[in-house]
Amino acid sequence: MSKKIMIIGGVAGGMSAATRLRRLDETAEIIVLEKGPYVSFANCGLPYYVSGEISDRDSLLVQTPEALKARFNLDVRPFHEALAIDATAKTVTIKHGEETFTESYDSLILSPGARPFVPPIKGLEEAKQAYSLRNVPDLDKIMKILEKDDVKKATVIGAGFIGLEMAENLKKRGLDVTLIEKAPHVLPPLDEEMAKYVQNELEKNEIRVIVGQSAAAFSNQGKTIHLEDGQTLTTDLTILSVGVTPENRLAETAGIALGLRGGILVDENYETNLSNIYAVGDAIVVKQQITDEDAMIALASPANRQGRQVADVIAGQKRKNQGSIGTAIVRVFDLTAASTGLSERLVRQSNLPVEVIHIFGKSHAGYYPGATPVILKVIFNPVTGKIYGAQSVGQKGIDKRIDIIATAIKGKLTIEDLPELEFTYAPPFGSAKDPVNMAGYAGLNLMEGLSKGVQWHELEKELSEGKVLLDVRTDNEVTSGQFKEAIHLPLNQLRARMNELEKEKTYVISCHSGQRSYIAERMLVQHGFKAKNLDGGFALYQTIKPGGIKHESKY
């Protein structure tokens with residue numbers, strides 16, 4: 001007797017499960033219920049339709065029920081809403097139009113996704129042109145507003161990945177755009193100094209960025225936004241992009257156990273606490289593989305993987321839910337920003353042993369035309385070498401470096417393994433010493449005691465304790481920008497002028513990026529001086545603190 005498998009929700013997790021199940025079991029009856037009109041669409045591509053970068057709306061519709069029936073013999077039912085689950089009777093109550101009926105199942109997969117979090121802002125209900133973007137119908141509503149001639153100003157509330165994509169594409173459409181973020185900086189998954197490059201790119205493209213503020217109220221039918229500090233903004237369109245929350249209402253009423261932030265709890269086989277009911281995608285609690293702690297990771301790649309794996313489990317294959325690490329990327333005009341694993345902020349909050357390195361490299365060989373900067377940050381355990389996470393910003397090659405380190409984390413490689421990785425190399429494609437390799441070398445120097453690092457956010461404290469800032473950049477570099485109250489002694493003159501320094505003092509050494517200052521650190525230490533290296537150097541520090549340091553050195 002063939003199995004009857006019902007899947008509630010399509011798109012990444014649900015459709016991956018449905019198609020994989022068919023490939024494994026030609027006899028199974030597979031039903032897919034979708035509340036909305038589209039069971040398979042490119043939700044990650046929706047913001048790019050706003051600007052016209054994706055010009056064909058139909059290209060966002062990946063599959064139709066008819067095509068899925070023809071190829072996979074799936075019974076796909078759009079506009080079918082699951083109202084209730086009876087786990088004892090193994091039935092689902094379904095609403096379709098004016099009709100309500102029950103359908104039985106042998107195995108049930110929940111893939112409801114996550115819904116936009118809508119904050120309780122006063123006056124939001126009366127805001128006629130405030131929207132979230134989750135699906136194609138949401139997109140259609142936004143496009144209808146944008147087609148009006150009087151829509152000139154847009155406000156995006158929330159500067160996460162989707163918020164940044166919407167801000168960029170609204171700007172490219174010709175609107176004046178304001179971006180509001182409650183956190184201290186845009187793109188909160190990144191650390192502050194890396195996110196600053198993103199904010200600079202936004203502002204370079206004339207997007208007004210307001211951080212450390214949230215919308216406190218709407219008035220004038222949503223055309224006026226009142227911020228916490230009393231500022232008011234006028235807007236013709238507001239996009240709410242302040243995060244997502246698990247779509248858990250059906251699961252909760254069915255008695256399915258919930259966990260972190262209301263996410264659906266599943267075991268290593270994706271099964272819930274109710275027998276024969278499984279769940280995948282943005283609605284479930286996963287294990288953050290780096291810490292083994294519960295996490296909510298709403299990303300397309302894990303959802304697709306989970307859909308395939310739960311199909312394997314139901315079909316009798318041995319698959320385990322290993323968790324996720326959270327790897328994501330965003331383009332902001334001419335800049336790309338990506339991250340994987342844990343941020344430095346999260347690692348420090350967890351009181352884990354931590355070291356951090358920033359590498360300034362190039363997308364390919366610097367002497368070959370078209371090379372652009374790659375800034376790579378790696379966070380790791382200085383005792384074990386375990387890689388906690390990485391972040392990178394630049395114009396080109398950012399995806400490559402973060403994908404490599406994400407693979408290293410998944411493969412349980414350590415910072416010590418990064419120098420051993422071998423990459424394809426020719427001048428148009430990469431460097432003989434790739435930034436990932438260089439991160440490994442720099443990490444080894446810290447682990448083996450050949451260098452002591454100081455982070456940008458630690459510098460003022462170091463100087464307040466009496467340490468002296470030594471800038472070893474060239475004379476020409478210093479004329480274009482310098483630290484306040486730093487000693488300037490170019491690297492190539494350091495050996496000859498060491499007598500100008502005092503061995504009783506500790507020196508924090510800086511160059512442009514941290515590479516030459518490491519050479520200076522090694523030189524001084526071997527001559528009996530106490531020295532540390534300012535990681536990321538002047539380039540990183542001036543980005544996050546353009547005013548320089550205000551501390552007056554005691555030297």
# chains A, B, ... in the order shown; residues from 1 in each chain; ligands from 1
$ residues_around --residues "Thr327 in chain A" --least-positions-apart "2" --cutoff "9 Å" --atoms "only C-alpha atoms" --output "list of chain:residue names"
A:Leu299, A:Ser301, A:Ser324, A:Ile325, A:Ile329, A:Ala338, A:Ser339, A:Thr340, A:Gly341, A:Ile402, A:Asp403, A:Ala406
$ select_by_dssp --residues "range 339-554 of chain A" --states "helix (DSSP H, G or I)" --output "PyMOL selection string"
chain A and resi 344-349+398-410+415-420+435-447+456-464+475-479+491-493+498-500+515-526+537-544
$ residues_around --residues "Leu179 in chain A" --least-positions-apart "6" --cutoff "7 Å" --atoms "only C-alpha atoms" --output "short mmCIF file (atom, residue, chain, number, x, y, z; two decimals) with all heavy atoms, in the first residue's frame"
data_model
loop_
_atom_site.label_atom_id
_atom_site.label_comp_id
_atom_site.auth_asym_id
_atom_site.auth_seq_id
_atom_site.Cartn_x
_atom_site.Cartn_y
_atom_site.Cartn_z
N THR A 155 10.79 54.97 2.84
CA THR A 155 11.50 54.71 4.09
C THR A 155 11.53 53.21 4.32
O THR A 155 10.49 52.54 4.23
CB THR A 155 10.81 55.40 5.28
OG1 THR A 155 10.76 56.80 5.03
CG2 THR A 155 11.58 55.15 6.56
N VAL A 156 12.70 52.68 4.58
CA VAL A 156 12.86 51.27 4.90
C VAL A 156 13.21 51.18 6.38
O VAL A 156 14.20 51.75 6.83
CB VAL A 156 13.95 50.60 4.05
CG1 VAL A 156 14.10 49.13 4.44
CG2 VAL A 156 13.63 50.74 2.57
N ILE A 157 12.38 50.46 7.13
CA ILE A 157 12.62 50.27 8.56
C ILE A 157 13.23 48.89 8.77
O ILE A 157 12.58 47.88 8.56
CB ILE A 157 11.32 50.44 9.37
CG1 ILE A 157 10.74 51.85 9.15
CG2 ILE A 157 11.57 50.19 10.85
CD1 ILE A 157 9.41 52.07 9.84
N ALA A 159 17.57 47.44 8.71
CA ALA A 159 18.71 47.42 7.79
C ALA A 159 19.42 46.07 7.79
O ALA A 159 20.64 45.99 7.76
CB ALA A 159 19.70 48.53 8.15
N ALA A 167 16.29 48.93 0.05
CA ALA A 167 16.78 50.31 -0.01
C ALA A 167 17.53 50.56 -1.32
O ALA A 167 17.31 51.58 -1.99
CB ALA A 167 17.69 50.59 1.19
N ARG A 208 19.90 58.09 2.96
CA ARG A 208 20.02 58.62 4.31
C ARG A 208 19.95 57.45 5.28
O ARG A 208 18.99 56.67 5.25
CB ARG A 208 18.92 59.62 4.59
CG ARG A 208 19.00 60.25 5.99
CD ARG A 208 17.81 61.15 6.25
NE ARG A 208 17.89 61.76 7.58
CZ ARG A 208 16.91 62.44 8.14
NH1 ARG A 208 15.77 62.63 7.47
NH2 ARG A 208 17.06 62.95 9.35
N VAL A 209 20.94 57.31 6.14
CA VAL A 209 21.00 56.21 7.09
C VAL A 209 20.86 56.76 8.50
O VAL A 209 21.61 57.65 8.91
CB VAL A 209 22.32 55.43 6.96
CG1 VAL A 209 22.37 54.29 7.98
CG2 VAL A 209 22.48 54.87 5.54
N ILE A 210 19.89 56.20 9.25
CA ILE A 210 19.68 56.57 10.65
C ILE A 210 19.80 55.30 11.47
O ILE A 210 19.03 54.36 11.31
CB ILE A 210 18.29 57.20 10.86
CG1 ILE A 210 18.14 58.47 10.00
CG2 ILE A 210 18.08 57.55 12.34
CD1 ILE A 210 16.73 59.06 10.03
#
$ closest_residue --among "A:Ala130, A:Ile359, A:Val136, A:Val198" --to "Gly36 in chain A" --atoms "only C-alpha atoms"
A:Val136
$ residues_around --residues "range 41-50 of chain A" --least-positions-apart "4" --cutoff "6 Å" --atoms "only C-alpha atoms" --output "MDAnalysis selection string"
chainID A and resid 54 60:62 166
$ residues_around --residues "Glu521 in chain A" --least-positions-apart "5" --cutoff "7 Å" --atoms "only C-alpha atoms" --output "NGL selection string"
:A and (509 or 531-533)
